[in-house]
>>> print(open('run34.cif').read())   # mmCIF, C-alpha atoms
data_upload
#
loop_
_atom_site.label_atom_id
_atom_site.label_comp_id
_atom_site.auth_asym_id
_atom_site.auth_seq_id
_atom_site.Cartn_x
_atom_site.Cartn_y
_atom_site.Cartn_z
CA MET A 1283 -10.11 11.45 -29.27
CA ILE A 1284 -6.48 12.08 -28.31
CA ARG A 1285 -5.20 9.52 -25.82
CA PRO A 1286 -1.72 10.46 -24.55
CA LEU A 1287 -1.30 7.07 -22.93
CA GLY A 1288 -2.38 5.19 -26.03
CA THR A 1289 -4.82 2.32 -26.01
CA GLY A 1290 -4.68 -1.27 -24.89
CA GLN A 1291 -2.91 -2.63 -21.85
CA GLY A 1292 -1.00 0.56 -20.96
CA ALA A 1293 -4.16 2.63 -20.63
CA VAL A 1294 -5.83 -0.17 -18.65
CA ASP A 1295 -2.87 -0.34 -16.24
CA VAL A 1296 -3.32 3.36 -15.55
CA ALA A 1297 -7.10 3.06 -15.15
CA VAL A 1298 -6.86 0.24 -12.60
CA VAL A 1299 -5.05 2.52 -10.13
CA ALA A 1300 -6.39 5.89 -11.29
CA VAL A 1301 -10.03 5.01 -10.58
CA PRO A 1302 -9.40 4.29 -6.84
CA LEU A 1303 -7.26 7.44 -6.69
CA ILE A 1304 -10.12 9.55 -8.08
CA ALA A 1305 -12.52 7.96 -5.58
CA THR A 1306 -10.13 8.75 -2.71
CA LEU A 1307 -9.74 12.36 -3.89
CA ALA A 1308 -13.52 12.72 -4.13
CA ALA A 1309 -13.93 11.35 -0.59
CA ALA A 1310 -11.29 13.78 0.71
CA LEU A 1311 -12.98 16.77 -0.93
CA TYR A 1312 -16.39 15.72 0.36
CA LEU A 1313 -15.17 15.33 3.95
CA ARG A 1314 -13.30 18.63 3.77
CA GLY A 1315 -16.47 20.38 2.64
CA GLN A 1316 -18.57 18.76 5.36
CA HIS A 1317 -16.17 19.79 8.13
CA ARG A 1318 -15.83 23.33 6.79
CA ARG A 1319 -19.60 23.76 6.62
CA TYR A 1320 -20.80 21.90 9.71
CA GLY A 1321 -17.80 21.36 11.99
CA ARG A 1322 -17.36 17.91 13.50
CA LEU A 1323 -19.66 15.16 12.28
CA HIS A 1324 -21.71 14.17 15.31
CA GLY A 1325 -24.83 12.24 16.14
CA ARG A 1326 -27.27 10.90 13.61
CA PRO A 1327 -26.70 13.77 11.15
CA GLY A 1328 -22.99 12.96 11.15
CA ARG A 1329 -23.70 9.31 10.48
CA ALA A 1330 -26.05 10.32 7.66
CA GLY A 1331 -23.26 12.44 6.15
CA LEU A 1332 -20.85 9.50 6.24
CA ALA A 1333 -23.58 7.26 4.80
CA ALA A 1334 -23.86 9.67 1.86
CA LEU A 1335 -20.13 9.24 1.23
CA LEU A 1336 -20.42 5.45 1.38
CA ALA A 1337 -23.41 5.52 -0.96
CA GLY A 1338 -21.44 7.54 -3.50
CA LEU A 1339 -18.48 5.16 -3.29
CA ALA A 1340 -20.80 2.16 -3.68
CA LEU A 1341 -22.37 3.70 -6.78
CA ALA A 1342 -18.93 4.37 -8.25
CA ALA A 1343 -17.86 0.78 -7.51
CA TYR A 1344 -21.01 -0.51 -9.21
CA ALA A 1345 -20.30 1.61 -12.29
CA VAL A 1346 -16.71 0.40 -12.80
CA TRP A 1347 -16.80 -3.13 -11.36
CA PRO A 1348 -14.96 -5.45 -11.92
CA LEU A 1349 -12.34 -3.12 -13.55
CA PRO A 1350 -10.32 -5.88 -15.29
CA ALA A 1351 -6.55 -5.62 -14.99
CA SER A 1352 -5.94 -7.16 -18.42
CA VAL A 1353 -7.53 -6.90 -21.84
CA ASP A 1354 -6.62 -10.50 -22.77
CA GLY A 1355 -9.82 -12.34 -23.69
CA LEU A 1356 -11.98 -9.44 -22.59
CA CYS A 1357 -13.76 -8.99 -25.92
CA SER A 1358 -14.29 -12.69 -26.56
CA PRO A 1359 -17.82 -14.10 -26.04
CA GLY A 1360 -18.38 -14.37 -22.30
CA GLY A 1361 -15.02 -12.77 -21.55
CA GLY A 1362 -16.44 -9.96 -19.46
CA GLN A 1363 -19.13 -11.93 -17.65
CA GLY A 1364 -19.00 -12.07 -13.88
CA PRO A 1365 -21.12 -11.96 -10.70
CA ALA A 1366 -21.95 -8.30 -11.33
CA ASP A 1367 -23.68 -9.33 -14.57
CA ARG A 1368 -25.55 -12.26 -13.05
CA TYR A 1369 -26.96 -10.06 -10.28
CA GLY A 1370 -27.11 -6.91 -12.41
CA PRO A 1371 -30.84 -6.13 -11.97
CA VAL A 1372 -30.68 -6.59 -8.20
CA LEU A 1373 -27.55 -4.44 -7.90
CA ALA A 1374 -29.01 -1.73 -10.14
CA PHE A 1375 -31.98 -1.43 -7.79
CA ALA A 1376 -30.13 -1.85 -4.49
CA VAL A 1377 -27.21 0.49 -5.14
CA LEU A 1378 -29.53 3.49 -5.65
CA LEU A 1379 -31.85 2.68 -2.76
CA PRO A 1380 -29.64 4.57 -0.25
CA VAL A 1381 -29.52 7.54 -2.64
CA GLY A 1382 -33.28 7.94 -2.39
CA TRP A 1383 -33.27 7.46 1.38
CA LEU A 1384 -30.55 10.05 1.90
CA ALA A 1385 -32.14 12.49 -0.55
CA ARG A 1386 -35.14 12.57 1.77
CA ASP A 1387 -33.50 12.06 5.17
CA ARG A 1388 -30.20 13.94 4.80
CA PHE A 1389 -30.64 16.45 1.98
CA ARG A 1390 -34.44 17.08 2.24
CA ARG A 1391 -35.09 16.86 -1.48
CA GLU A 1392 -38.56 16.73 -3.02
CA PRO A 1393 -39.81 13.59 -4.85
CA LEU A 1394 -39.39 15.01 -8.37
CA VAL A 1395 -35.83 16.22 -7.72
CA THR A 1396 -34.96 12.85 -6.17
CA LEU A 1397 -36.41 10.98 -9.13
CA LEU A 1398 -34.44 13.07 -11.62
CA LEU A 1399 -31.28 12.62 -9.55
CA GLY A 1400 -31.75 8.85 -9.46
CA ALA A 1401 -32.40 8.66 -13.19
CA GLY A 1402 -29.31 10.77 -13.92
CA LEU A 1403 -27.06 8.68 -11.68
CA ALA A 1404 -28.41 5.42 -13.08
CA LEU A 1405 -27.89 6.67 -16.64
CA ALA A 1406 -24.34 7.80 -15.86
CA ALA A 1407 -23.46 4.45 -14.27
CA ASP A 1408 -24.96 2.59 -17.23
CA ALA A 1409 -22.95 4.74 -19.65
CA VAL A 1410 -19.70 3.94 -17.83
CA ARG A 1411 -20.52 0.23 -17.82
CA GLY A 1412 -21.63 0.14 -21.45
CA THR A 1413 -18.65 2.04 -22.89
CA GLY A 1414 -15.83 0.17 -21.19
CA LEU A 1415 -14.98 2.96 -18.75
CA LEU A 1416 -15.73 5.69 -21.30
CA GLY A 1417 -13.56 4.09 -23.98
CA VAL A 1418 -10.50 3.18 -21.91
CA TYR A 1419 -11.17 -0.53 -22.50
CA PRO A 1420 -11.51 -1.84 -26.06
CA CYS A 1421 -15.00 -3.15 -25.32
CA ALA A 1422 -17.61 -3.16 -22.56
CA TYR A 1423 -16.70 -5.53 -19.73
CA ALA A 1424 -20.02 -5.25 -17.86
CA GLU A 1425 -23.59 -5.52 -19.03
CA ALA A 1426 -25.52 -2.30 -19.62
CA SER A 1427 -29.22 -2.09 -20.34
CA PRO A 1428 -32.10 0.42 -20.24
CA LEU A 1429 -33.65 -2.00 -17.75
CA PHE A 1430 -30.85 -1.21 -15.30
CA VAL A 1431 -31.56 2.52 -15.65
CA ALA A 1432 -35.25 1.93 -14.95
CA LEU A 1433 -34.48 -0.27 -11.95
CA GLY A 1434 -32.03 2.27 -10.57
CA THR A 1435 -34.63 5.01 -10.86
CA ALA A 1436 -37.16 2.76 -9.16
CA GLY A 1437 -34.67 2.03 -6.37
CA THR A 1438 -34.20 5.75 -5.78
CA ALA A 1439 -37.97 6.28 -5.58
CA ALA A 1440 -38.33 3.32 -3.22
CA GLY A 1441 -35.59 4.71 -0.94
CA TRP A 1442 -37.29 8.09 -0.77
CA LEU A 1443 -40.65 6.48 0.11
CA LEU A 1444 -39.08 4.27 2.77
CA ALA A 1445 -37.44 7.30 4.40
CA ARG A 1446 -40.73 9.18 4.26
CA LEU A 1447 -42.59 6.34 5.97
CA LEU A 1448 -40.03 4.92 8.40
CA VAL A 1449 -38.04 7.91 9.70
CA PRO A 1450 -40.99 9.33 11.70
CA LEU A 1451 -41.22 5.95 13.45
CA TRP A 1452 -37.52 5.95 14.41
CA PRO A 1453 -37.48 4.79 18.07
CA TRP A 1454 -33.89 5.67 19.03
CA GLY A 1455 -32.99 9.28 19.66
CA ASP A 1456 -33.07 12.10 17.14
CA THR A 1457 -35.07 11.56 13.95
CA ARG A 1458 -33.47 14.51 12.18
CA GLY A 1459 -31.01 13.47 9.49
CA TRP A 1460 -29.87 16.85 8.22
CA PRO A 1461 -26.92 18.45 10.00
CA GLY A 1462 -26.64 21.49 12.19
CA ALA A 1463 -23.29 23.24 12.44
CA VAL A 1464 -21.37 23.13 15.73
CA PRO A 1465 -17.98 24.64 16.64
CA ASP A 1466 -15.18 22.16 16.01
CA ARG A 1467 -13.17 22.62 19.20
CA VAL A 1468 -13.23 19.29 21.06
CA ALA A 1469 -10.48 16.68 20.74
CA PRO A 1470 -10.98 14.65 17.54
CA ASP A 1471 -12.19 11.12 18.15
CA PRO A 1472 -10.18 8.06 17.01
CA ALA A 1473 -12.58 7.34 14.13
CA ARG A 1474 -11.93 10.77 12.62
CA ARG A 1475 -8.18 10.32 12.92
CA ALA A 1476 -8.39 6.84 11.38
CA LEU A 1477 -10.45 8.21 8.49
CA GLY A 1478 -7.79 10.82 7.76
CA THR A 1479 -5.08 8.16 7.89
CA LEU A 1480 -7.00 5.93 5.46
CA ILE A 1481 -7.33 8.83 3.02
CA ASP A 1482 -3.58 9.46 3.32
CA LEU A 1483 -2.91 5.80 2.64
CA GLY A 1484 -5.14 5.81 -0.45
CA LEU A 1485 -3.69 9.02 -1.85
CA TRP A 1486 -0.15 7.76 -1.37
CA TRP A 1487 -0.60 4.19 -2.62
CA TYR A 1488 -2.84 4.85 -5.60
CA GLY A 1489 -1.16 8.15 -6.44
CA ALA A 1490 2.22 6.45 -6.67
CA GLY A 1491 0.69 3.57 -8.61
CA THR A 1492 -0.97 5.94 -11.08
CA LEU A 1493 2.28 7.84 -11.64
CA THR A 1494 4.23 4.63 -12.15
CA ALA A 1495 1.67 3.21 -14.59
CA ALA A 1496 1.48 6.50 -16.52
CA LEU A 1497 5.28 6.72 -16.85
CA THR A 1498 5.41 3.12 -18.02
CA ALA A 1499 2.59 3.61 -20.54
CA ALA A 1500 4.24 6.77 -21.89
CA GLY A 1501 7.55 4.95 -22.32
CA VAL A 1502 9.44 7.05 -19.78
CA VAL A 1503 10.01 3.96 -17.61
CA GLY A 1504 10.72 0.61 -19.18
CA PRO A 1505 9.39 -2.78 -18.07
CA ASP A 1506 10.03 -3.22 -14.38
CA PRO A 1507 9.47 -6.86 -13.38
CA ALA A 1508 11.50 -6.41 -10.18
CA GLY A 1509 9.36 -3.46 -9.09
CA GLN A 1510 12.31 -1.13 -8.52
CA ALA A 1511 10.68 1.84 -10.26
CA ARG A 1512 7.47 1.33 -8.32
CA THR A 1513 9.39 1.18 -5.03
CA ALA A 1514 11.26 4.38 -5.89
CA VAL A 1515 8.02 6.20 -6.75
CA LEU A 1516 6.37 4.99 -3.53
CA LEU A 1517 9.27 6.24 -1.43
CA GLY A 1518 9.38 9.56 -3.28
CA ALA A 1519 5.63 10.09 -2.90
CA ALA A 1520 5.88 9.26 0.80
CA ALA A 1521 8.65 11.85 1.22
CA VAL A 1522 6.55 14.53 -0.48
CA LEU A 1523 3.20 13.76 1.18
CA GLY A 1524 4.50 12.65 4.57
CA VAL A 1525 7.49 14.94 5.15
CA PHE A 1526 7.46 18.00 2.89
CA VAL A 1527 3.71 18.78 2.92
CA PRO A 1528 3.32 18.78 6.75
CA LEU A 1529 6.35 21.05 7.14
CA VAL A 1530 4.94 23.74 4.84
CA ARG A 1531 1.32 23.57 5.99
CA ARG A 1532 0.18 25.62 8.94
CA ASP A 1533 -1.72 22.69 10.48
CA ARG A 1534 1.38 20.43 10.09
CA CYS A 1535 -0.82 17.68 8.63
CA THR A 1536 -0.67 15.32 5.69
CA PRO A 1537 -3.33 15.82 2.97
CA GLY A 1538 -5.68 13.14 4.29
CA ARG A 1539 -5.68 14.38 7.86
CA ALA A 1540 -6.03 17.94 6.58
CA ALA A 1541 -9.17 16.81 4.70
CA VAL A 1542 -10.83 15.98 8.02
CA ARG A 1543 -9.58 19.29 9.48
CA LEU A 1544 -7.00 18.01 11.94
CA ALA A 1545 -3.91 19.84 13.14
CA LEU A 1546 -0.68 18.91 14.91
CA THR A 1547 0.02 21.35 17.75
CA GLU A 1548 2.28 21.99 20.69
CA PRO A 1549 1.36 20.06 23.85
CA SER A 1550 0.48 23.01 26.06
CA ARG A 1551 -1.14 25.49 23.66
CA PRO A 1552 -3.07 25.39 20.37
CA VAL A 1553 -0.35 26.63 18.03
CA PRO A 1554 1.26 24.71 15.14
CA ALA A 1555 3.82 22.19 16.32
CA SER A 1556 7.43 23.12 15.72
CA ARG A 1557 9.07 21.55 12.70
CA PRO A 1558 11.61 19.54 14.74
CA ARG A 1559 8.73 17.95 16.66
CA VAL A 1560 6.94 17.15 13.38
CA LEU A 1561 10.09 15.58 11.94
CA ALA A 1562 10.59 13.52 15.10
CA ARG A 1563 7.01 12.26 14.91
CA THR A 1564 7.48 11.39 11.25
CA ALA A 1565 10.69 9.49 12.00
CA LEU A 1566 9.07 7.45 14.78
CA LEU A 1567 5.69 6.70 13.20
CA THR A 1568 5.21 7.57 9.53
CA ALA A 1569 8.60 6.57 8.15
CA PRO A 1570 8.73 3.08 9.74
CA ALA A 1571 5.12 2.37 8.66
CA VAL A 1572 5.88 3.43 5.07
CA LEU A 1573 9.04 1.34 4.85
CA LEU A 1574 7.28 -1.70 6.26
CA ILE A 1575 4.43 -1.39 3.75
CA VAL A 1576 6.73 -0.80 0.77
CA PHE A 1577 8.86 -3.84 1.54
CA GLY A 1578 5.93 -6.19 2.12
CA HIS A 1579 5.39 -6.13 5.88
CA ALA A 1580 2.02 -4.41 6.06
CA TRP A 1581 0.87 -6.41 9.10
CA ILE A 1582 3.84 -5.20 11.14
CA ALA A 1583 3.04 -1.63 10.05
CA LEU A 1584 -0.55 -2.13 11.24
CA ALA A 1585 0.73 -3.41 14.59
CA LEU A 1586 2.94 -0.31 14.90
CA VAL A 1587 -0.03 1.98 14.27
CA LEU A 1588 -2.17 0.06 16.76
CA VAL A 1589 0.50 0.42 19.45
CA HIS A 1590 0.55 4.17 18.82
CA ALA A 1591 -3.26 4.38 18.90
CA SER A 1592 -3.64 2.26 22.02
CA ALA A 1593 -2.84 5.17 24.31
CA ALA A 1594 -5.30 7.44 22.48
CA LEU A 1595 -8.07 4.91 23.06
CA VAL A 1596 -7.63 4.82 26.84
CA ARG A 1597 -6.39 8.30 27.71
CA PRO A 1598 -9.02 10.99 28.32
CA ASP A 1599 -7.01 13.51 26.27
CA ARG A 1600 -6.68 11.00 23.37
CA VAL A 1601 -2.92 11.36 23.01
CA GLY A 1602 -1.05 8.60 21.17
CA VAL A 1603 2.21 6.99 22.23
CA VAL A 1604 4.35 8.77 19.62
CA ASP A 1605 2.70 12.10 20.44
CA LEU A 1606 3.67 11.63 24.08
CA LEU A 1607 7.25 10.92 23.09
CA CYS A 1608 7.55 13.82 20.64
CA GLY A 1609 5.59 16.44 22.55
CA THR A 1610 2.85 16.89 19.94
CA ARG A 1611 -0.94 16.85 20.15
CA VAL A 1612 -3.58 16.10 17.53
CA ARG A 1613 -6.27 18.78 17.66
CA THR A 1614 -8.69 20.33 15.21
CA ARG A 1615 -7.77 22.97 12.64
CA ALA A 1616 -10.39 25.29 14.13
CA LEU A 1617 -8.38 25.52 17.35
CA ILE A 1618 -5.32 27.03 15.68
CA ASP A 1619 -7.04 29.42 13.27
CA GLY A 1620 -10.20 30.23 15.23
CA SER A 1621 -12.48 29.39 12.29
CA LEU A 1622 -16.15 28.59 12.68
CA PRO A 1623 -18.32 26.42 10.41
CA SER A 1624 -19.75 28.40 7.51
CA ARG A 1625 -23.27 27.11 8.22
CA LEU A 1626 -23.17 28.03 11.89
CA VAL A 1627 -26.09 30.27 12.82
CA ARG A 1628 -24.73 33.54 14.20
CA TYR A 1629 -26.62 36.20 16.04
CA ALA A 1630 -26.20 39.74 14.74
CA GLU A 1631 -27.68 42.78 16.37
CA PRO A 1632 -29.91 44.96 14.20
CA ARG A 1633 -28.01 47.78 12.54
CA GLU A 1634 -30.77 50.27 13.24
CA PRO A 1635 -32.99 50.44 16.28
CA LEU A 1636 -36.50 49.21 15.73
CA SER A 1637 -39.04 51.98 15.40
CA PRO A 1638 -41.66 52.07 18.16
CA VAL A 1639 -45.05 50.70 17.22
#
>>> encode(input="run34.cif", output="structure tokens")
Amino acid sequence: MIRPLGTGQGAVDVAVVAVPLIATLAAALYLRGQHRRYGRLHGRPGRAGLAALLAGLALAAYAVWPLPASVDGLCSPGGGQGPADRYGPVLAFAVLLPVGWLARDRFRREPLVTLLLGAGLALAADAVRGTGLLGVYPCAYAEASPLFVALGTAGTAAGWLLARLLVPLWPWGDTRGWPGAVPDRVAPDPARRALGTLIDLGLWWYGAGTLTAALTAAGVVGPDPAGQARTAVLLGAAAVLGVFVPLVRRDRCTPGRAAVRLALTEPSRPVPASRPRVLARTALLTAPAVLLIVFGHAWIALALVLVHASAALVRPDRVGVVDLLCGTRVRTRALIDGSLPSRLVRYAEPREPLSPV
């Protein structure tokens, strides 16, 4: 196998930040697909869709945990043992329990399909654990066993049975877990905006970290104990993702907020915000938050974001403080391009008149 980043500590340094980056990208693609198919995530079906995302992330975390940052002592006897190994059988069963529940409640899969899905996911997770992240690490750092595969499959079956028995007894509201598409035209709620911001934060932080680690492992960047190269990459990535990308996109959004189908518009009409307004918003909100995080003042950055969001939480139109100052509004992408969810049921008149009986 050709490994451009070599083996040993350099490859591990890349893996430690690349794995969260891949998980963030997968979450962004999943949310983008859900919003394109079904519109806004609402009600119990929307919560079931988000639960499916969380279940996938939990399974991925189980497969790679604890993702050691160093190979020193890893292959010695007991070097890779940890809480995940002590509670391995319980975790193997519990982490796939939601998969079975959601296969029945959200995706309406039959028992045999669910069982095969659970066995495949359990086998894939066991392979990642037993091969040291598919060979990135010099040895396995977490216990893998056919017993874990069997317990994961059993957990999937148990989740499906629980959903089959308990969902019909659900006493609060709608018992339907599968989604129905609705037009995405109302003002996005704060949770949706926060989710897009979290995806942006993950793409930026772990993307810059992956690039820095890859350049260091390839020998392009030398040892950087002061963190100057990492700081430069973080600032460069922030300029690309936070300034350049919104200016060239029609929805004027960063990649994370675009994944949840948001758009930045003019205050009085649903058209893309002008570029000067976007730059002003970036200068007042995004740039200070980035600089504070890069130079070690993340709590002050969080306070800045909370001040901006405070107005959106109390105003009926959900407009933040910086949006009021810059004359921008956060709306949905569907408002500026007129798109409808692909799964929306549309009425179409018959092409030919029905023949009389």
>>> resolve_selection(input="run34.cif", expression="the PyMOL selection byres ((chain A and resi 1388-1399) around 9)", output="compact mmCIF listing (two decimals) with C-alpha atoms, keeping the file's coordinate frame")
# COMPACT_ATOMS: atom_id res chain seq x y z
CA PRO A 1327 -26.70 13.77 11.15
CA ALA A 1330 -26.05 10.32 7.66
CA GLY A 1331 -23.26 12.44 6.15
CA ALA A 1334 -23.86 9.67 1.86
CA VAL A 1381 -29.52 7.54 -2.64
CA GLY A 1382 -33.28 7.94 -2.39
CA TRP A 1383 -33.27 7.46 1.38
CA LEU A 1384 -30.55 10.05 1.90
CA ALA A 1385 -32.14 12.49 -0.55
CA ARG A 1386 -35.14 12.57 1.77
CA ASP A 1387 -33.50 12.06 5.17
CA GLY A 1400 -31.75 8.85 -9.46
CA ALA A 1401 -32.40 8.66 -13.19
CA GLY A 1402 -29.31 10.77 -13.92
CA LEU A 1403 -27.06 8.68 -11.68
CA ALA A 1404 -28.41 5.42 -13.08
CA THR A 1435 -34.63 5.01 -10.86
CA ALA A 1436 -37.16 2.76 -9.16
CA THR A 1438 -34.20 5.75 -5.78
CA ALA A 1439 -37.97 6.28 -5.58
CA TRP A 1442 -37.29 8.09 -0.77
CA LEU A 1443 -40.65 6.48 0.11
CA ARG A 1458 -33.47 14.51 12.18
CA GLY A 1459 -31.01 13.47 9.49
CA TRP A 1460 -29.87 16.85 8.22
CA PRO A 1461 -26.92 18.45 10.00
>>> resolve_selection(input="run34.cif", expression="the PyMOL selection byres ((chain A and resi 1526-1541) around 7)", output="PyMOL selection string")
chain A and resi 1310-1311+1313-1314+1475+1478-1479+1481-1482+1521-1525+1542-1546+1554-1555+1557+1615
>>> closest_residue(input="run34.cif", among="A:Gly1484, A:Gly1491, A:Pro1549, A:Gly1370", to="A:Ala1309", atoms="only C-alpha atoms")
A:Gly1484
>>> closest_residue(input="run34.cif", among="A:Leu1493, A:Val1468, A:Leu1480, A:Leu1517", to="A:Val1612", atoms="only C-alpha atoms")
A:Val1468
>>> resolve_selection(input="run34.cif", expression="the PyMOL selection byres ((chain A and resi 1574) around 12)", output="list in words")
Thr1513, Leu1516, Leu1517, Leu1567, Thr1568, Ala1569, Pro1570, Ala1571, Val1572, Leu1573, Ile1575, Val1576, Phe1577, Gly1578, His1579, Ala1580, Trp1581, Ile1582, Ala1583, Leu1584, Ala1585, Leu1586 and Val1587 of chain A
>>> residues_around(input="run34.cif", residues="A:Arg1319", least_positions_apart="2", cutoff="9 Å", atoms="all atoms listed in the file", output="PDB file with C-alpha atoms, keeping the file's coordinate frame")
ATOM      1  CA  ARG A1314     -13.300  18.630   3.770  1.00  0.00           C
ATOM      2  CA  GLY A1315     -16.470  20.380   2.640  1.00  0.00           C
ATOM      3  CA  GLN A1316     -18.570  18.760   5.360  1.00  0.00           C
ATOM      4  CA  HIS A1317     -16.170  19.790   8.130  1.00  0.00           C
ATOM      5  CA  GLY A1321     -17.800  21.360  11.990  1.00  0.00           C
ATOM      6  CA  ALA A1463     -23.290  23.240  12.440  1.00  0.00           C
ATOM      7  CA  LEU A1622     -16.150  28.590  12.680  1.00  0.00           C
ATOM      8  CA  PRO A1623     -18.320  26.420  10.410  1.00  0.00           C
ATOM      9  CA  SER A1624     -19.750  28.400   7.510  1.00  0.00           C
ATOM     10  CA  ARG A1625     -23.270  27.110   8.220  1.00  0.00           C
ATOM     11  CA  LEU A1626     -23.170  28.030  11.890  1.00  0.00           C
TER      12      LEU A1626
END
>>> residues_around(input="run34.cif", residues="A:Arg1467", least_positions_apart="2", cutoff="8 Å", atoms="only C-alpha atoms", output="list of chain:residue names")
A:Pro1465, A:Ala1469, A:Thr1614, A:Ala1616, A:Leu1617
>>> axis_aligned_box(input="run34.cif", around="stretch 1292-1301 of chain A", padding_each_side="8 Å", output="AutoDock Vina command-line options")
--center_x -5.5 --center_y 2.8 --center_z -15.5 --size_x 25.0 --size_y 22.2 --size_z 26.8
>>> atom_distance(input="run34.cif", atom1="atom CA of A:Leu1607", atom2="atom CA of A:Gly1518")
26.5 Å
>>> atom_distance(input="run34.cif", atom1="atom CA of A:Ala1593", atom2="atom CA of A:Tyr1312")
29.5 Å
>>> atom_distance(input="run34.cif", atom1="atom CA of A:Asp1605", atom2="atom CA of A:Arg1322")
22.0 Å
